[in-house]
Amino acid sequence: MRRDWHDIWGGAAMAGIGAAVAFYAAGQYDFGTLRRMGPGFFPTVLGVLLAGLGLLIALPAWRRAGEARPFAAREALAVLAAIALFGLGLQRLGLIPTTAAAVLTASLPAPRGGVLWRVVLAAVITALTWLVFKQGLQMTMPLWPRL
C-alpha cells in the first residue's frame, strides 16, 4: 500500500517543531498561571497545539493511500522569502510596510492573476496585524521606517 507521505512528513514536521517550541518555552520561561500568565505560557500552549495538529494530520495519513505530487518550489520559496523579509525588515522598515511587503511577496506565485486582490489582501492583513499587535497587545514596535 502506498502511504500518503506528503501528509505524514508534513504532519511529523509540524509535530516536531511544535514539541520543540513547547519544550524549549517550558524549560526557559516562567509558565505562570491562568490568572497571571508568564512569558512561557503562550509559546508553550501554541507549541502543544501545533504538535497536536501535526499528529492529527500525520496519523490518519499513515492508513490512507497517497498520490505523488511535485514539490512546489516557487510557492515554498515565496513563503520563506516573506518570512525572512518580515523578520529582517520589522525593526528597520516598521510594522506597516513590512507586513504589506511580506504578504505581497507570499502571494506572488498564487495561480490567480491580478494585482488588485493582492493589494486588498495586503491591506486587510496589515490592518489586522496593526489591530492585534499594536492596539490589542500594545507591543512596542515601530509602525513606520525610522528616519
# chains A, B, ... in the order shown; residues from 1 in each chain; ligands from 1
$ select_by_dssp --residues "chain A" --states "strand (DSSP E or B)" --output "MDAnalysis selection string"
chainID A and resid 3 32 37 65
$ residues_around --residues "A:Ala26" --least-positions-apart "3" --cutoff "12 Å" --atoms "only C-alpha atoms" --output "ChimeraX atom specification"
/A:19-23,29-32,38-48
$ write_last_selection --atoms "N, CA and C atoms" --output "PDB file, in the first residue's frame"
ATOM      1  N   ALA A  19       6.505  20.475  19.292  1.00  0.00           N
ATOM      2  CA  ALA A  19       7.043  19.876  20.510  1.00  0.00           C
ATOM      3  C   ALA A  19       8.330  20.580  20.935  1.00  0.00           C
ATOM      4  N   ALA A  20       9.200  20.902  19.971  1.00  0.00           N
ATOM      5  CA  ALA A  20      10.453  21.591  20.300  1.00  0.00           C
ATOM      6  C   ALA A  20      10.179  22.963  20.901  1.00  0.00           C
ATOM      7  N   VAL A  21       9.239  23.698  20.324  1.00  0.00           N
ATOM      8  CA  VAL A  21       8.895  25.016  20.853  1.00  0.00           C
ATOM      9  C   VAL A  21       8.316  24.889  22.259  1.00  0.00           C
ATOM     10  N   ALA A  22       7.411  23.943  22.446  1.00  0.00           N
ATOM     11  CA  ALA A  22       6.783  23.765  23.764  1.00  0.00           C
ATOM     12  C   ALA A  22       7.817  23.387  24.817  1.00  0.00           C
ATOM     13  N   PHE A  23       8.704  22.442  24.507  1.00  0.00           N
ATOM     14  CA  PHE A  23       9.720  22.036  25.478  1.00  0.00           C
ATOM     15  C   PHE A  23      10.698  23.167  25.774  1.00  0.00           C
ATOM     16  N   TYR A  29      11.280  29.616  30.149  1.00  0.00           N
ATOM     17  CA  TYR A  29      10.475  30.756  30.589  1.00  0.00           C
ATOM     18  C   TYR A  29       9.510  30.334  31.691  1.00  0.00           C
ATOM     19  N   ASP A  30       9.131  31.305  32.501  1.00  0.00           N
ATOM     20  CA  ASP A  30       8.150  31.063  33.560  1.00  0.00           C
ATOM     21  C   ASP A  30       6.773  30.885  32.925  1.00  0.00           C
ATOM     22  N   PHE A  31       6.100  29.794  33.258  1.00  0.00           N
ATOM     23  CA  PHE A  31       4.793  29.497  32.680  1.00  0.00           C
ATOM     24  C   PHE A  31       3.710  30.383  33.288  1.00  0.00           C
ATOM     25  N   GLY A  32       3.761  30.591  34.584  1.00  0.00           N
ATOM     26  CA  GLY A  32       2.749  31.390  35.269  1.00  0.00           C
ATOM     27  C   GLY A  32       1.490  30.590  35.508  1.00  0.00           C
ATOM     28  N   GLY A  38       2.728  33.873  32.492  1.00  0.00           N
ATOM     29  CA  GLY A  38       4.127  34.248  32.354  1.00  0.00           C
ATOM     30  C   GLY A  38       4.521  34.287  30.887  1.00  0.00           C
ATOM     31  N   PRO A  39       5.781  34.651  30.618  1.00  0.00           N
ATOM     32  CA  PRO A  39       6.238  34.741  29.233  1.00  0.00           C
ATOM     33  C   PRO A  39       6.289  33.389  28.522  1.00  0.00           C
ATOM     34  N   GLY A  40       6.267  32.293  29.253  1.00  0.00           N
ATOM     35  CA  GLY A  40       6.306  30.975  28.631  1.00  0.00           C
ATOM     36  C   GLY A  40       4.942  30.390  28.354  1.00  0.00           C
ATOM     37  N   PHE A  41       3.892  31.031  28.830  1.00  0.00           N
ATOM     38  CA  PHE A  41       2.548  30.469  28.682  1.00  0.00           C
ATOM     39  C   PHE A  41       2.140  30.332  27.219  1.00  0.00           C
ATOM     40  N   PHE A  42       2.188  31.437  26.498  1.00  0.00           N
ATOM     41  CA  PHE A  42       1.710  31.435  25.115  1.00  0.00           C
ATOM     42  C   PHE A  42       2.531  30.528  24.209  1.00  0.00           C
ATOM     43  N   PRO A  43       3.874  30.621  24.216  1.00  0.00           N
ATOM     44  CA  PRO A  43       4.628  29.723  23.323  1.00  0.00           C
ATOM     45  C   PRO A  43       4.469  28.253  23.683  1.00  0.00           C
ATOM     46  N   THR A  44       4.336  27.960  24.964  1.00  0.00           N
ATOM     47  CA  THR A  44       4.159  26.559  25.354  1.00  0.00           C
ATOM     48  C   THR A  44       2.823  26.032  24.854  1.00  0.00           C
ATOM     49  N   VAL A  45       1.771  26.783  25.071  1.00  0.00           N
ATOM     50  CA  VAL A  45       0.435  26.355  24.640  1.00  0.00           C
ATOM     51  C   VAL A  45       0.368  26.260  23.116  1.00  0.00           C
ATOM     52  N   LEU A  46       0.913  27.247  22.414  1.00  0.00           N
ATOM     53  CA  LEU A  46       0.891  27.197  20.948  1.00  0.00           C
ATOM     54  C   LEU A  46       1.738  26.052  20.414  1.00  0.00           C
ATOM     55  N   GLY A  47       2.858  25.758  21.061  1.00  0.00           N
ATOM     56  CA  GLY A  47       3.685  24.620  20.653  1.00  0.00           C
ATOM     57  C   GLY A  47       2.950  23.304  20.819  1.00  0.00           C
ATOM     58  N   VAL A  48       2.241  23.159  21.931  1.00  0.00           N
ATOM     59  CA  VAL A  48       1.460  21.935  22.163  1.00  0.00           C
ATOM     60  C   VAL A  48       0.337  21.818  21.131  1.00  0.00           C
TER      61      VAL A  48
END
$ residues_around --residues "A:Pro60" --least-positions-apart "4" --cutoff "10 Å" --atoms "only C-alpha atoms" --output "ChimeraX atom specification"
/A:4,7-8,11,55-56,64
$ closest_residue --among "A:Ile125, A:Ala106, A:Ile83, A:Ala13" --to "A:Ala58" --atoms "only C-alpha atoms"
A:Ala13
$ closest_residue --among "A:Arg74, A:Arg35, A:Arg146, A:Arg92" --to "A:Pro111" --atoms "only C-alpha atoms"
A:Arg74
$ residues_around --residues "A:Ala15" --least-positions-apart "5" --cutoff "7 Å" --atoms "only C-alpha atoms" --output "PDB file with all heavy atoms, in the first residue's frame"
ATOM      1  N   LEU A  50       0.310  23.113  18.078  1.00  0.00           N
ATOM      2  CA  LEU A  50       0.921  22.803  16.791  1.00  0.00           C
ATOM      3  C   LEU A  50       1.308  21.332  16.719  1.00  0.00           C
ATOM      4  O   LEU A  50       1.087  20.670  15.698  1.00  0.00           O
ATOM      5  CB  LEU A  50       2.141  23.684  16.543  1.00  0.00           C
ATOM      6  CG  LEU A  50       2.835  23.514  15.199  1.00  0.00           C
ATOM      7  CD1 LEU A  50       1.897  23.892  14.057  1.00  0.00           C
ATOM      8  CD2 LEU A  50       4.092  24.364  15.148  1.00  0.00           C
ATOM      9  N   ALA A  51       1.859  20.808  17.810  1.00  0.00           N
ATOM     10  CA  ALA A  51       2.220  19.387  17.837  1.00  0.00           C
ATOM     11  C   ALA A  51       0.968  18.515  17.699  1.00  0.00           C
ATOM     12  O   ALA A  51       0.978  17.514  16.965  1.00  0.00           O
ATOM     13  CB  ALA A  51       2.959  19.057  19.137  1.00  0.00           C
ATOM     14  N   GLY A  52      -0.101  18.891  18.372  1.00  0.00           N
ATOM     15  CA  GLY A  52      -1.350  18.131  18.259  1.00  0.00           C
ATOM     16  C   GLY A  52      -1.926  18.163  16.859  1.00  0.00           C
ATOM     17  O   GLY A  52      -2.373  17.142  16.326  1.00  0.00           O
ATOM     18  N   GLY A  54      -0.241  18.622  14.129  1.00  0.00           N
ATOM     19  CA  GLY A  54       0.649  17.807  13.300  1.00  0.00           C
ATOM     20  C   GLY A  54       0.325  16.328  13.407  1.00  0.00           C
ATOM     21  O   GLY A  54       0.302  15.607  12.405  1.00  0.00           O
ATOM     22  N   LEU A  55       0.051  15.872  14.615  1.00  0.00           N
ATOM     23  CA  LEU A  55      -0.327  14.470  14.796  1.00  0.00           C
ATOM     24  C   LEU A  55      -1.670  14.165  14.152  1.00  0.00           C
ATOM     25  O   LEU A  55      -1.866  13.080  13.586  1.00  0.00           O
ATOM     26  CB  LEU A  55      -0.362  14.117  16.287  1.00  0.00           C
ATOM     27  CG  LEU A  55       0.999  14.063  16.969  1.00  0.00           C
ATOM     28  CD1 LEU A  55       0.823  13.825  18.464  1.00  0.00           C
ATOM     29  CD2 LEU A  55       1.885  13.002  16.349  1.00  0.00           C
TER      30      LEU A  55
END
$ closest_residue --among "A:Val103, A:Ala61, A:Leu137, A:Ala68" --to "A:Ala81" --atoms "only C-alpha atoms"
A:Val103
$ atom_distance --atom1 "atom CA of A:Ile96" --atom2 "atom CA of A:Leu143"
5.5 Å
